[in-house]
file target-v4.tsv (TSV, C-alpha atoms)
chain	number	residue	atom	x	y	z
E	1	MET	CA	-25.48	13.46	-35.91
E	2	GLY	CA	-29.13	14.22	-36.82
E	3	LEU	CA	-31.28	11.34	-35.55
E	4	THR	CA	-34.52	10.63	-37.40
E	5	ARG	CA	-37.43	8.26	-36.93
E	6	ARG	CA	-35.73	5.83	-39.29
E	7	ASP	CA	-32.85	5.52	-36.79
E	8	LEU	CA	-35.05	4.16	-34.00
E	9	PRO	CA	-34.35	0.46	-34.82
E	10	ALA	CA	-30.64	1.21	-34.37
E	11	LEU	CA	-31.29	2.60	-30.90
E	12	VAL	CA	-33.40	-0.44	-30.02
E	13	ALA	CA	-30.63	-2.72	-31.33
E	14	GLY	CA	-28.23	-0.96	-28.95
E	15	ALA	CA	-30.62	-1.63	-26.07
E	16	VAL	CA	-30.85	-5.31	-27.07
E	17	VAL	CA	-27.04	-5.50	-27.06
E	18	VAL	CA	-26.85	-4.26	-23.47
E	19	LEU	CA	-29.74	-6.48	-22.38
E	20	VAL	CA	-28.09	-9.57	-23.83
E	21	GLY	CA	-24.55	-8.63	-22.83
E	22	PHE	CA	-25.24	-7.98	-19.18
E	23	THR	CA	-27.83	-10.62	-18.44
E	24	SER	CA	-25.84	-13.38	-20.13
E	25	SER	CA	-22.58	-12.93	-18.23
E	26	VAL	CA	-22.75	-10.35	-15.43
E	27	ALA	CA	-23.07	-13.15	-12.86
E	28	LEU	CA	-19.72	-14.46	-14.08
E	29	VAL	CA	-18.11	-11.06	-13.47
E	30	PHE	CA	-19.47	-11.09	-9.91
E	31	GLN	CA	-18.00	-14.57	-9.39
E	32	ALA	CA	-14.64	-13.44	-10.77
E	33	ALA	CA	-14.51	-10.45	-8.42
E	34	GLN	CA	-15.41	-12.59	-5.43
E	35	ALA	CA	-12.82	-15.24	-6.38
E	36	VAL	CA	-10.00	-12.73	-5.93
E	37	GLY	CA	-11.39	-11.34	-2.69
E	38	ALA	CA	-13.18	-8.17	-3.85
E	39	ASN	CA	-15.65	-6.70	-1.36
E	40	ALA	CA	-19.03	-5.17	-2.28
E	41	ALA	CA	-17.59	-1.72	-3.07
E	42	GLN	CA	-14.76	-3.19	-5.13
E	43	THR	CA	-17.19	-5.45	-7.03
E	44	ALA	CA	-19.32	-2.40	-7.87
E	45	SER	CA	-16.12	-0.72	-9.03
E	46	TRP	CA	-15.57	-3.58	-11.47
E	47	LEU	CA	-18.97	-2.81	-13.02
E	48	TRP	CA	-18.09	0.90	-13.08
E	49	ALA	CA	-14.77	0.28	-14.83
E	50	LEU	CA	-16.07	-2.27	-17.32
E	51	GLY	CA	-19.23	-0.29	-18.11
E	52	LEU	CA	-17.39	2.97	-18.72
E	53	GLY	CA	-14.59	1.18	-20.58
E	54	MET	CA	-17.07	-0.42	-22.98
E	55	ALA	CA	-18.92	2.90	-23.29
E	56	PHE	CA	-15.99	5.12	-24.20
E	57	THR	CA	-14.33	2.62	-26.55
E	58	SER	CA	-17.56	1.63	-28.36
E	59	ILE	CA	-18.63	5.25	-28.78
E	60	GLY	CA	-15.14	6.48	-29.62
E	61	PHE	CA	-14.28	3.90	-32.26
E	62	SER	CA	-17.76	3.92	-33.83
E	63	TRP	CA	-17.80	7.71	-34.01
E	64	ARG	CA	-14.24	7.85	-35.34
E	65	TYR	CA	-14.78	5.36	-38.18
E	66	ARG	CA	-18.56	5.83	-38.67
E	67	GLN	CA	-18.91	2.05	-38.54
E	68	PRO	CA	-20.28	-0.19	-35.77
E	69	VAL	CA	-17.36	-1.14	-33.50
E	70	LEU	CA	-18.63	-2.77	-30.33
E	71	ILE	CA	-16.38	-3.46	-27.34
E	72	ALA	CA	-17.22	-5.88	-24.52
E	73	TRP	CA	-15.66	-7.35	-21.42
E	74	SER	CA	-13.89	-10.69	-21.76
E	75	THR	CA	-16.41	-13.36	-20.74
E	76	PRO	CA	-13.93	-16.27	-20.95
E	77	GLY	CA	-11.52	-14.03	-19.05
E	78	ALA	CA	-14.07	-13.68	-16.26
E	79	ALA	CA	-14.48	-17.46	-16.19
E	80	LEU	CA	-10.70	-17.84	-15.95
E	81	ILE	CA	-10.49	-15.39	-13.04
E	82	ALA	CA	-13.45	-17.04	-11.30
E	83	ALA	CA	-11.65	-20.38	-11.45
E	84	SER	CA	-8.44	-19.00	-9.91
E	85	GLN	CA	-7.58	-20.01	-6.36
E	86	GLY	CA	-5.47	-18.28	-3.75
E	87	VAL	CA	-4.98	-15.10	-5.80
E	88	SER	CA	-5.30	-11.81	-3.95
E	89	LEU	CA	-6.96	-8.78	-5.52
E	90	PRO	CA	-3.72	-6.73	-5.68
E	91	ALA	CA	-1.89	-9.63	-7.37
E	92	ALA	CA	-4.80	-10.15	-9.77
E	93	THR	CA	-4.70	-6.42	-10.59
E	94	GLY	CA	-1.06	-6.82	-11.58
E	95	ALA	CA	-2.09	-9.67	-13.88
E	96	PHE	CA	-4.82	-7.47	-15.42
E	97	LEU	CA	-2.24	-4.79	-16.14
E	98	LEU	CA	0.04	-7.32	-17.82
E	99	CYS	CA	-2.89	-8.54	-19.95
E	100	GLY	CA	-3.70	-4.98	-21.01
E	101	LEU	CA	-0.07	-4.32	-21.90
E	102	LEU	CA	0.14	-7.45	-24.05
E	103	ILE	CA	-3.12	-6.63	-25.86
E	104	ALA	CA	-1.85	-3.11	-26.56
E	105	VAL	CA	1.44	-4.45	-27.93
E	106	ALA	CA	-0.33	-7.07	-30.08
E	107	GLY	CA	-2.59	-4.35	-31.46
E	108	TYR	CA	-0.31	-1.38	-32.02
E	109	SER	CA	2.52	-3.55	-33.39
E	110	GLY	CA	0.22	-4.83	-36.14
E	111	ALA	CA	0.94	-8.46	-35.23
E	112	PHE	CA	-2.72	-9.33	-34.65
E	113	ALA	CA	-3.85	-7.60	-37.86
E	114	ARG	CA	-1.26	-9.52	-39.89
E	115	LEU	CA	-2.46	-12.78	-38.35
E	116	MET	CA	-6.10	-12.02	-39.18
E	117	ASP	CA	-5.22	-11.17	-42.78
E	118	ARG	CA	-4.01	-14.74	-43.23
E	119	ILE	CA	-7.33	-16.32	-42.25
E	120	PRO	CA	-9.50	-17.16	-45.31
E	121	VAL	CA	-12.94	-15.56	-45.54
E	122	GLY	CA	-14.69	-18.94	-45.48
E	123	ILE	CA	-13.05	-19.92	-42.18
E	124	ALA	CA	-13.75	-16.53	-40.62
E	125	SER	CA	-17.41	-16.73	-41.68
E	126	ALA	CA	-17.74	-20.29	-40.37
E	127	LEU	CA	-16.21	-19.20	-37.06
E	128	LEU	CA	-18.79	-16.45	-36.67
E	129	ALA	CA	-21.66	-18.74	-37.68
E	130	GLY	CA	-20.55	-21.29	-35.09
E	131	VAL	CA	-20.31	-18.72	-32.31
E	132	LEU	CA	-23.76	-17.31	-33.09
E	133	ALA	CA	-25.35	-20.73	-33.62
E	134	ARG	CA	-24.34	-21.76	-30.10
E	135	PHE	CA	-26.31	-18.81	-28.79
E	136	GLY	CA	-29.27	-19.82	-30.93
E	137	LEU	CA	-29.14	-23.36	-29.58
E	138	ASP	CA	-29.25	-22.00	-26.03
E	139	ALA	CA	-32.47	-20.19	-26.93
E	140	VAL	CA	-34.00	-23.39	-28.32
E	141	ARG	CA	-33.05	-25.30	-25.17
E	142	ALA	CA	-34.65	-22.61	-22.99
E	143	THR	CA	-37.95	-22.74	-24.92
E	144	PRO	CA	-39.61	-25.59	-22.93
E	145	ASP	CA	-39.35	-23.48	-19.75
E	146	ALA	CA	-41.27	-20.60	-21.36
E	147	SER	CA	-42.90	-22.02	-24.47
E	148	LEU	CA	-45.79	-19.54	-24.60
E	149	LEU	CA	-43.47	-16.56	-24.27
E	150	VAL	CA	-40.93	-17.78	-26.83
E	151	GLY	CA	-43.71	-18.92	-29.18
E	152	ALA	CA	-45.30	-15.47	-29.12
E	153	MET	CA	-41.93	-13.86	-29.81
E	154	LEU	CA	-41.26	-16.26	-32.71
E	155	LEU	CA	-44.65	-15.54	-34.30
E	156	THR	CA	-44.01	-11.83	-33.91
E	157	TYR	CA	-40.65	-12.25	-35.63
E	158	LEU	CA	-42.12	-14.20	-38.56
E	159	TRP	CA	-44.96	-11.69	-38.96
E	160	GLY	CA	-42.62	-8.74	-38.59
E	161	ARG	CA	-40.25	-9.99	-41.29
E	162	ARG	CA	-43.13	-9.76	-43.78
E	163	ALA	CA	-45.10	-6.79	-42.52
E	164	LEU	CA	-42.61	-4.53	-40.70
E	165	PRO	CA	-39.09	-5.67	-41.60
E	166	ARG	CA	-37.36	-2.60	-40.10
E	167	TRP	CA	-39.25	-2.91	-36.83
E	168	THR	CA	-39.06	-6.65	-36.33
E	169	VAL	CA	-36.60	-6.75	-33.43
E	170	PRO	CA	-38.27	-3.85	-31.52
E	171	ALA	CA	-41.61	-5.64	-31.92
E	172	VAL	CA	-40.12	-8.93	-30.67
E	173	LEU	CA	-38.63	-7.18	-27.64
E	174	ALA	CA	-41.92	-5.40	-26.85
E	175	VAL	CA	-43.95	-8.61	-27.10
E	176	GLY	CA	-41.38	-10.41	-24.95
E	177	LEU	CA	-41.51	-7.80	-22.19
E	178	VAL	CA	-45.32	-7.62	-22.16
E	179	GLY	CA	-45.60	-11.39	-22.30
E	180	ALA	CA	-43.13	-11.90	-19.45
E	181	VAL	CA	-45.12	-9.56	-17.23
E	182	ALA	CA	-48.47	-11.09	-18.22
E	183	LEU	CA	-47.23	-14.64	-17.57
E	184	GLY	CA	-45.69	-13.72	-14.22
E	185	LEU	CA	-42.17	-14.62	-15.33
E	186	VAL	CA	-40.54	-11.40	-14.11
E	187	ARG	CA	-38.71	-11.96	-10.84
E	188	PRO	CA	-38.76	-9.47	-7.93
E	189	LEU	CA	-36.15	-6.73	-8.15
E	190	ALA	CA	-33.10	-7.29	-5.94
E	191	PHE	CA	-30.49	-4.56	-5.57
E	192	GLU	CA	-27.20	-5.67	-4.05
E	193	GLY	CA	-24.65	-3.10	-2.98
E	194	GLY	CA	-26.86	-0.03	-3.46
E	195	TRP	CA	-27.95	1.86	-6.55
E	196	GLY	CA	-24.73	3.29	-7.88
E	197	ALA	CA	-21.09	2.38	-8.32
E	198	ALA	CA	-17.91	4.35	-7.64
E	199	PRO	CA	-14.28	3.66	-8.58
E	200	VAL	CA	-12.15	1.95	-5.97
E	201	LEU	CA	-8.42	2.01	-6.66
E	202	VAL	CA	-6.47	-1.19	-5.97
E	203	ARG	CA	-2.70	-0.89	-5.97
E	204	PRO	CA	-1.19	-3.83	-7.87
E	205	THR	CA	1.43	-6.19	-6.60
E	206	TRP	CA	3.76	-8.08	-8.91
E	207	ASP	CA	3.68	-11.79	-8.11
E	208	PRO	CA	5.56	-13.69	-10.86
E	209	ALA	CA	3.46	-16.81	-10.32
E	210	VAL	CA	0.20	-14.86	-10.74
E	211	LEU	CA	1.54	-12.89	-13.72
E	212	ILE	CA	2.40	-16.14	-15.49
E	213	GLY	CA	-0.49	-18.23	-14.16
E	214	LEU	CA	-3.25	-15.63	-14.62
E	215	GLY	CA	-1.99	-12.66	-16.66
E	216	LEU	CA	-0.69	-14.64	-19.64
E	217	PRO	CA	-3.70	-17.02	-19.86
E	218	LEU	CA	-6.03	-14.02	-19.56
E	219	PHE	CA	-4.32	-12.44	-22.56
E	220	VAL	CA	-4.46	-15.67	-24.58
E	221	VAL	CA	-8.15	-16.43	-23.96
E	222	THR	CA	-9.12	-12.81	-24.62
E	223	MET	CA	-7.34	-12.73	-27.96
E	224	ALA	CA	-8.27	-16.27	-29.06
E	225	SER	CA	-11.81	-16.57	-27.71
E	226	GLN	CA	-13.02	-12.97	-28.06
E	227	ASN	CA	-10.98	-10.83	-30.46
E	228	LEU	CA	-10.67	-13.59	-33.05
E	229	PRO	CA	-14.44	-14.15	-33.48
E	230	GLY	CA	-14.93	-10.40	-33.02
E	231	VAL	CA	-12.93	-9.72	-36.17
E	232	ALA	CA	-14.87	-12.46	-37.95
E	233	ALA	CA	-18.10	-10.71	-36.96
E	234	MET	CA	-16.87	-7.40	-38.35
E	235	ARG	CA	-15.80	-8.96	-41.64
E	236	ALA	CA	-19.10	-10.79	-42.04
E	237	GLY	CA	-20.96	-7.57	-41.28
E	238	GLY	CA	-19.05	-5.61	-43.88
E	239	VAL	CA	-17.25	-3.51	-41.27
E	240	ASN	CA	-13.81	-2.49	-42.45
E	241	VAL	CA	-11.90	-0.60	-39.79
E	242	PRO	CA	-8.14	-0.67	-39.11
E	243	LEU	CA	-7.60	-3.46	-36.60
E	244	SER	CA	-4.33	-2.31	-35.06
E	245	PRO	CA	-5.58	0.92	-33.42
E	246	VAL	CA	-8.82	-0.75	-32.30
E	247	ILE	CA	-7.15	-3.76	-30.65
E	248	GLY	CA	-4.39	-1.55	-29.29
E	249	GLY	CA	-7.02	0.84	-27.94
E	250	THR	CA	-8.77	-1.93	-26.02
E	251	GLY	CA	-5.42	-2.85	-24.48
E	252	LEU	CA	-4.77	0.77	-23.52
E	253	ALA	CA	-8.26	1.04	-21.99
E	254	THR	CA	-7.58	-2.14	-20.01
E	255	LEU	CA	-4.32	-0.66	-18.72
E	256	LEU	CA	-6.11	2.48	-17.54
E	257	LEU	CA	-9.05	0.69	-15.92
E	258	ALA	CA	-7.38	-2.45	-14.52
E	259	PRO	CA	-6.65	-0.81	-11.12
E	260	PHE	CA	-10.40	-0.23	-10.75
E	261	GLY	CA	-11.50	-3.72	-11.90
E	262	GLY	CA	-11.45	-3.42	-15.71
E	263	TYR	CA	-9.68	-6.73	-16.11
E	264	ALA	CA	-9.90	-7.07	-19.95
E	265	LEU	CA	-11.72	-5.34	-22.81
E	266	ASN	CA	-12.02	-6.77	-26.32
E	267	LEU	CA	-14.06	-6.86	-29.50
E	268	SER	CA	-17.57	-8.20	-29.11
E	269	ALA	CA	-18.69	-11.10	-31.29
E	270	ILE	CA	-22.25	-12.18	-30.51
E	271	THR	CA	-23.68	-8.78	-29.65
E	272	ALA	CA	-21.62	-7.15	-32.42
E	273	ALA	CA	-23.58	-9.16	-34.96
E	274	ILE	CA	-26.76	-7.51	-33.64
E	275	VAL	CA	-25.59	-3.98	-34.42
E	276	MET	CA	-24.20	-5.00	-37.81
E	277	SER	CA	-27.35	-6.73	-39.07
E	278	PRO	CA	-29.93	-5.20	-41.44
E	279	GLU	CA	-32.42	-5.27	-38.54
E	280	ALA	CA	-30.31	-2.63	-36.78
E	281	HIS	CA	-30.71	-0.23	-39.70
E	282	GLU	CA	-31.65	-0.58	-43.34
E	283	ASP	CA	-28.80	1.76	-44.26
E	284	PRO	CA	-25.38	0.17	-43.57
E	285	GLN	CA	-23.90	3.66	-43.26
E	286	ARG	CA	-26.09	4.34	-40.21
E	287	ARG	CA	-25.59	1.10	-38.29
E	288	TRP	CA	-22.80	2.67	-36.26
E	289	LEU	CA	-25.55	4.49	-34.35
E	290	ALA	CA	-26.55	1.15	-32.78
E	291	ALA	CA	-23.04	0.69	-31.38
E	292	VAL	CA	-23.07	4.27	-30.05
E	293	ALA	CA	-26.46	3.67	-28.41
E	294	ALA	CA	-25.11	0.50	-26.80
E	295	GLY	CA	-22.08	2.44	-25.56
E	296	VAL	CA	-24.26	5.11	-23.96
E	297	LEU	CA	-26.33	2.47	-22.18
E	298	TYR	CA	-23.21	0.58	-21.10
E	299	GLY	CA	-21.99	3.78	-19.49
E	300	GLY	CA	-25.29	4.24	-17.70
E	301	VAL	CA	-25.21	0.68	-16.41
E	302	GLY	CA	-21.65	1.17	-15.20
E	303	LEU	CA	-22.62	4.29	-13.25
E	304	LEU	CA	-25.79	2.83	-11.76
E	305	GLY	CA	-24.12	-0.49	-10.98
E	306	ALA	CA	-26.17	-3.05	-9.10
E	307	ALA	CA	-29.49	-1.25	-9.58
E	308	VAL	CA	-29.53	-1.74	-13.34
E	309	VAL	CA	-28.06	-5.22	-13.05
E	310	GLY	CA	-30.90	-6.04	-10.65
E	311	VAL	CA	-33.44	-4.96	-13.28
E	312	PHE	CA	-31.76	-7.12	-15.91
E	313	ALA	CA	-31.63	-10.07	-13.54
E	314	ALA	CA	-35.38	-9.85	-12.99
E	315	LEU	CA	-36.12	-10.71	-16.61
E	316	PRO	CA	-36.58	-14.38	-17.57
E	317	LYS	CA	-33.58	-16.01	-19.18
E	318	ALA	CA	-35.72	-17.35	-22.01
E	319	LEU	CA	-36.69	-13.80	-23.02
E	320	VAL	CA	-33.08	-12.67	-23.26
E	321	LEU	CA	-31.98	-15.74	-25.20
E	322	ALA	CA	-34.95	-15.58	-27.58
E	323	VAL	CA	-34.44	-11.89	-28.37
E	324	ALA	CA	-30.77	-12.48	-29.09
E	325	ALA	CA	-31.36	-15.61	-31.17
E	326	LEU	CA	-34.03	-14.00	-33.34
E	327	ALA	CA	-31.97	-10.83	-33.78
E	328	LEU	CA	-29.01	-12.98	-34.86
E	329	LEU	CA	-30.89	-15.34	-37.18
E	330	GLY	CA	-30.02	-13.36	-40.31
E	331	SER	CA	-26.36	-13.14	-39.30
E	332	ILE	CA	-26.19	-16.90	-38.76
E	333	GLY	CA	-27.63	-17.53	-42.22
E	334	ASN	CA	-25.32	-15.02	-43.88
E	335	GLY	CA	-22.31	-16.50	-42.09
E	336	LEU	CA	-23.14	-20.02	-43.25
E	337	ALA	CA	-23.77	-18.83	-46.80
E	338	ALA	CA	-20.41	-17.04	-46.95
E	339	ALA	CA	-18.62	-19.96	-45.32
E	340	LEU	CA	-19.87	-22.51	-47.86
E	341	ALA	CA	-19.80	-20.30	-50.95
E	342	ASP	CA	-16.33	-21.37	-52.14
E	343	ALA	CA	-16.19	-25.10	-52.82
E	344	ARG	CA	-12.41	-25.13	-52.28
E	345	GLU	CA	-12.85	-23.87	-48.71
E	346	ARG	CA	-16.00	-25.84	-47.90
E	347	ASP	CA	-14.41	-28.69	-45.93
E	348	ALA	CA	-12.25	-26.29	-43.93
E	349	ALA	CA	-15.24	-24.05	-43.24
E	350	ALA	CA	-17.45	-26.98	-42.17
E	351	LEU	CA	-14.76	-28.24	-39.79
E	352	THR	CA	-14.34	-24.74	-38.36
E	353	PHE	CA	-18.08	-24.44	-37.82
E	354	LEU	CA	-18.37	-27.82	-36.08
E	355	VAL	CA	-15.45	-27.24	-33.72
E	356	THR	CA	-16.77	-23.80	-32.81
E	357	LEU	CA	-20.26	-25.15	-32.27
E	358	SER	CA	-18.91	-27.87	-29.96
E	359	GLY	CA	-17.75	-25.32	-27.40
E	360	VAL	CA	-14.74	-27.46	-26.57
E	361	THR	CA	-12.12	-25.99	-24.25
E	362	VAL	CA	-8.57	-27.35	-24.18
E	363	ALA	CA	-5.83	-26.03	-21.88
E	364	GLY	CA	-8.15	-23.23	-20.83
E	365	ILE	CA	-8.47	-21.91	-24.40
E	366	GLY	CA	-11.93	-21.81	-25.94
E	367	ALA	CA	-13.33	-23.37	-29.09
E	368	PRO	CA	-12.80	-20.42	-31.50
E	369	PHE	CA	-9.01	-20.78	-31.32
E	370	TRP	CA	-9.06	-24.53	-31.90
E	371	ALA	CA	-11.66	-24.11	-34.65
E	372	VAL	CA	-9.43	-21.72	-36.59
E	373	LEU	CA	-6.47	-24.06	-36.01
E	374	ALA	CA	-8.40	-27.09	-37.31
E	375	GLY	CA	-9.93	-25.17	-40.19
E	376	GLY	CA	-6.60	-23.64	-41.13
E	377	LEU	CA	-4.98	-27.08	-41.20
E	378	ALA	CA	-7.79	-28.41	-43.40
E	379	PHE	CA	-7.40	-25.39	-45.70
E	380	VAL	CA	-3.64	-25.90	-46.08
E	381	LEU	CA	-4.07	-29.62	-46.79
E	382	ARG	CA	-7.08	-29.21	-49.11
E	383	PRO	CA	-6.98	-31.08	-52.48
E	384	ARG	CA	-5.41	-29.03	-55.27

call {"tool": "encode", "arguments": {"input": "target-v4.tsv", "output": "structure tokens"}}
result
Amino acid sequence: MGLTRRDLPALVAGAVVVLVGFTSSVALVFQAAQAVGANAAQTASWLWALGLGMAFTSIGFSWRYRQPVLIAWSTPGAALIAASQGVSLPAATGAFLLCGLLIAVAGYSGAFARLMDRIPVGIASALLAGVLARFGLDAVRATPDASLLVGAMLLTYLWGRRALPRWTVPAVLAVGLVGAVALGLVRPLAFEGGWGAAPVLVRPTWDPAVLIGLGLPLFVVTMASQNLPGVAAMRAGGVNVPLSPVIGGTGLATLLLAPFGGYALNLSAITAAIVMSPEAHEDPQRRWLAAVAAGVLYGGVGLLGAAVVGVFAALPKALVLAVAALALLGSIGNGLAAALADARERDAAALTFLVTLSGVTVAGIGAPFWAVLAGGLAFVLRPR
């Protein structure tokens, strides 16, 4: 592979991906595991399965296509599981297996790829911009709680864009870490469940009510709220990989890891934009290294389990949000520019952006699905 000094920003971008990915939603995974009755060892197994699943798929696809393909766990899926009531872990495992099977079928059959080919570029770009802008808004809202820290990171970003454009995000991360320590914002380390994680096999049971009530919705929210904006992120980032084997591969990985807690794997959207941005590497042909670096770190987190999660949890939320927002700023701008470039698609793109930004959830399905639906309707009914 031949790493050079010029590749260091890509490795840092991979570290930022893991930092943002775990700290932003790992608590939700813990809640999901507890909701279906998982004990401490089984909860650690969930981290093991999800971490290794994201590692092998991210590294494998990125290496295979030499383009950044980043895989993540299903955050809305975790929220769905956490909200379930009266579902046992074996029955939930059966639902996870059904979800994985359906994702694999949707991918390998080409049905999902054909659907994505019908979505106009403007709507896809607006969808991505809306997803990323929501993350940026969270960072702005968190600023009053750590204004000195976020202010220092913002000034570093603005200075870095002029003086050290390739090293801007590493500089922002370094200033954020030093500032958090200096301001006393780092919380004490707390390791729950030991240092490492080991796989714990759960034999599934097949409860029709749980398969329909949890398995099918898990499949729908994963495809609509994660894979849909994930494809939009790849298109906006200039990543052109065959969708069918990638989506099918995430379904197959889910099938293999579901008995150990890997409830659903899918394309990343927010963190994917980090590894696809110019800040990750000045050479688009080398940005896949950032996704590989993220995969390696995901695997390490999965093996170390609660110890690494405890380290992430000690960092202030404002630091994590600010790093992500500043790393994504260019992607947000590019997404908006592409969304509004074609005057014929402008109304549809604007509507898609607003619905996505709203974060509305209807019938358990997140805003990205409804945004594409609303934008698609506006596109079909646009003036001739």

call {"tool": "closest_residue", "arguments": {"input": "target-v4.tsv", "among": "E:Leu173, E:Leu255, E:Leu128, E:Val200", "to": "E:Ala232", "atoms": "all atoms listed in the file"}}
result
E:Leu128

call {"tool": "axis_aligned_box", "arguments": {"input": "target-v4.tsv", "around": "stretch 290-302 of chain E", "padding_each_side": "6 Å", "output": "JSON"}}
result
{"center_x": -24.1, "center_y": 2.8, "center_z": -24.0, "size_x": 16.9, "size_y": 16.6, "size_z": 29.6}

call {"tool": "closest_residue", "arguments": {"input": "target-v4.tsv", "among": "E:Val355, E:Leu336, E:Ala350, E:Leu321", "to": "E:Thr143", "atoms": "all atoms listed in the file"}}
result
E:Leu321

call {"tool": "residues_around", "arguments": {"input": "target-v4.tsv", "residues": "E:Val87", "least_positions_apart": "5", "cutoff": "12 Å", "atoms": "all atoms listed in the file", "output": "mmCIF file with C-alpha atoms, in the coordinates of the input"}}
result
data_model
loop_
_atom_site.group_PDB
_atom_site.id
_atom_site.type_symbol
_atom_site.label_atom_id
_atom_site.label_comp_id
_atom_site.auth_asym_id
_atom_site.auth_seq_id
_atom_site.Cartn_x
_atom_site.Cartn_y
_atom_site.Cartn_z
ATOM 1 C CA ALA E 32 -14.640 -13.440 -10.770
ATOM 2 C CA ALA E 33 -14.510 -10.450 -8.420
ATOM 3 C CA GLN E 34 -15.410 -12.590 -5.430
ATOM 4 C CA ALA E 35 -12.820 -15.240 -6.380
ATOM 5 C CA VAL E 36 -10.000 -12.730 -5.930
ATOM 6 C CA GLY E 37 -11.390 -11.340 -2.690
ATOM 7 C CA ALA E 38 -13.180 -8.170 -3.850
ATOM 8 C CA LEU E 80 -10.700 -17.840 -15.950
ATOM 9 C CA ILE E 81 -10.490 -15.390 -13.040
ATOM 10 C CA ALA E 82 -13.450 -17.040 -11.300
ATOM 11 C CA ALA E 92 -4.800 -10.150 -9.770
ATOM 12 C CA THR E 93 -4.700 -6.420 -10.590
ATOM 13 C CA GLY E 94 -1.060 -6.820 -11.580
ATOM 14 C CA ALA E 95 -2.090 -9.670 -13.880
ATOM 15 C CA THR E 205 1.430 -6.190 -6.600
ATOM 16 C CA TRP E 206 3.760 -8.080 -8.910
ATOM 17 C CA ASP E 207 3.680 -11.790 -8.110
ATOM 18 C CA PRO E 208 5.560 -13.690 -10.860
ATOM 19 C CA ALA E 209 3.460 -16.810 -10.320
ATOM 20 C CA VAL E 210 0.200 -14.860 -10.740
ATOM 21 C CA LEU E 211 1.540 -12.890 -13.720
ATOM 22 C CA GLY E 213 -0.490 -18.230 -14.160
ATOM 23 C CA LEU E 214 -3.250 -15.630 -14.620
ATOM 24 C CA GLY E 215 -1.990 -12.660 -16.660
#

call {"tool": "atom_distance", "arguments": {"input": "target-v4.tsv", "atom1": "atom CA of E:Ala133", "atom2": "atom CA of E:Leu267"}}
result
18.4 Å

call {"tool": "residues_around", "arguments": {"input": "target-v4.tsv", "residues": "E:Ala15", "least_positions_apart": "6", "cutoff": "9 Å", "atoms": "all atoms listed in the file", "output": "ChimeraX atom specification"}}
result
/E:290,293-294,297

call {"tool": "closest_residue", "arguments": {"input": "target-v4.tsv", "among": "E:Val323, E:Ala10, E:Leu97, E:Ala349", "to": "E:Pro284", "atoms": "only C-alpha atoms"}}
result
E:Ala10

call {"tool": "residues_around", "arguments": {"input": "target-v4.tsv", "residues": "stretch 242-251 of chain E", "least_positions_apart": "6", "cutoff": "6 Å", "atoms": "all atoms listed in the file", "output": "VMD selection string"}}
result
chain E and resid 100 103 to 104 107 to 108 110 113 265 to 266

call {"tool": "atom_distance", "arguments": {"input": "target-v4.tsv", "atom1": "atom CA of E:Gly176", "atom2": "atom CA of E:Pro278"}}
result
20.7 Å

call {"tool": "closest_residue", "arguments": {"input": "target-v4.tsv", "among": "E:Ala269, E:Ala182, E:Val360, E:Leu154", "to": "E:Leu132", "atoms": "only C-alpha atoms"}}
result
E:Ala269

call {"tool": "closest_residue", "arguments": {"input": "target-v4.tsv", "among": "E:Ala280, E:Ala314, E:Leu185, E:Ala40", "to": "E:Ala327", "atoms": "all atoms listed in the file"}}
result
E:Ala280

call {"tool": "residues_around", "arguments": {"input": "target-v4.tsv", "residues": "E:Ser62", "least_positions_apart": "4", "cutoff": "9 Å", "atoms": "all atoms listed in the file", "output": "PyMOL selection string"}}
result
chain E and resi 57-58+66-70+288-289+291-292

call {"tool": "closest_residue", "arguments": {"input": "target-v4.tsv", "among": "E:Leu351, E:Arg344, E:Ala318, E:Ala337", "to": "E:Arg141", "atoms": "only C-alpha atoms"}}
result
E:Ala318

call {"tool": "atom_distance", "arguments": {"input": "target-v4.tsv", "atom1": "atom CA of E:Pro165", "atom2": "atom CA of E:Val140"}}
result
22.7 Å

call {"tool": "residues_near_point", "arguments": {"input": "target-v4.tsv", "point": "(4.7, -11.7, -22.9)", "cutoff": "10 Å", "atoms": "only C-alpha atoms", "output": "ChimeraX atom specification"}}
result
/E:98-99,101-103,105-106,211-212,215-216,219

call {"tool": "residues_near_point", "arguments": {"input": "target-v4.tsv", "point": "(-33.2, -8.4, -41.8)", "cutoff": "12 Å", "atoms": "only C-alpha atoms", "output": "PyMOL selection string"}}
result
chain E and resi 9+157-158+160-162+164-169+273-284+326-334

call {"tool": "residues_around", "arguments": {"input": "target-v4.tsv", "residues": "E:Ser125", "least_positions_apart": "3", "cutoff": "6 Å", "atoms": "only C-alpha atoms", "output": "ChimeraX atom specification"}}
result
/E:122,128,335,339
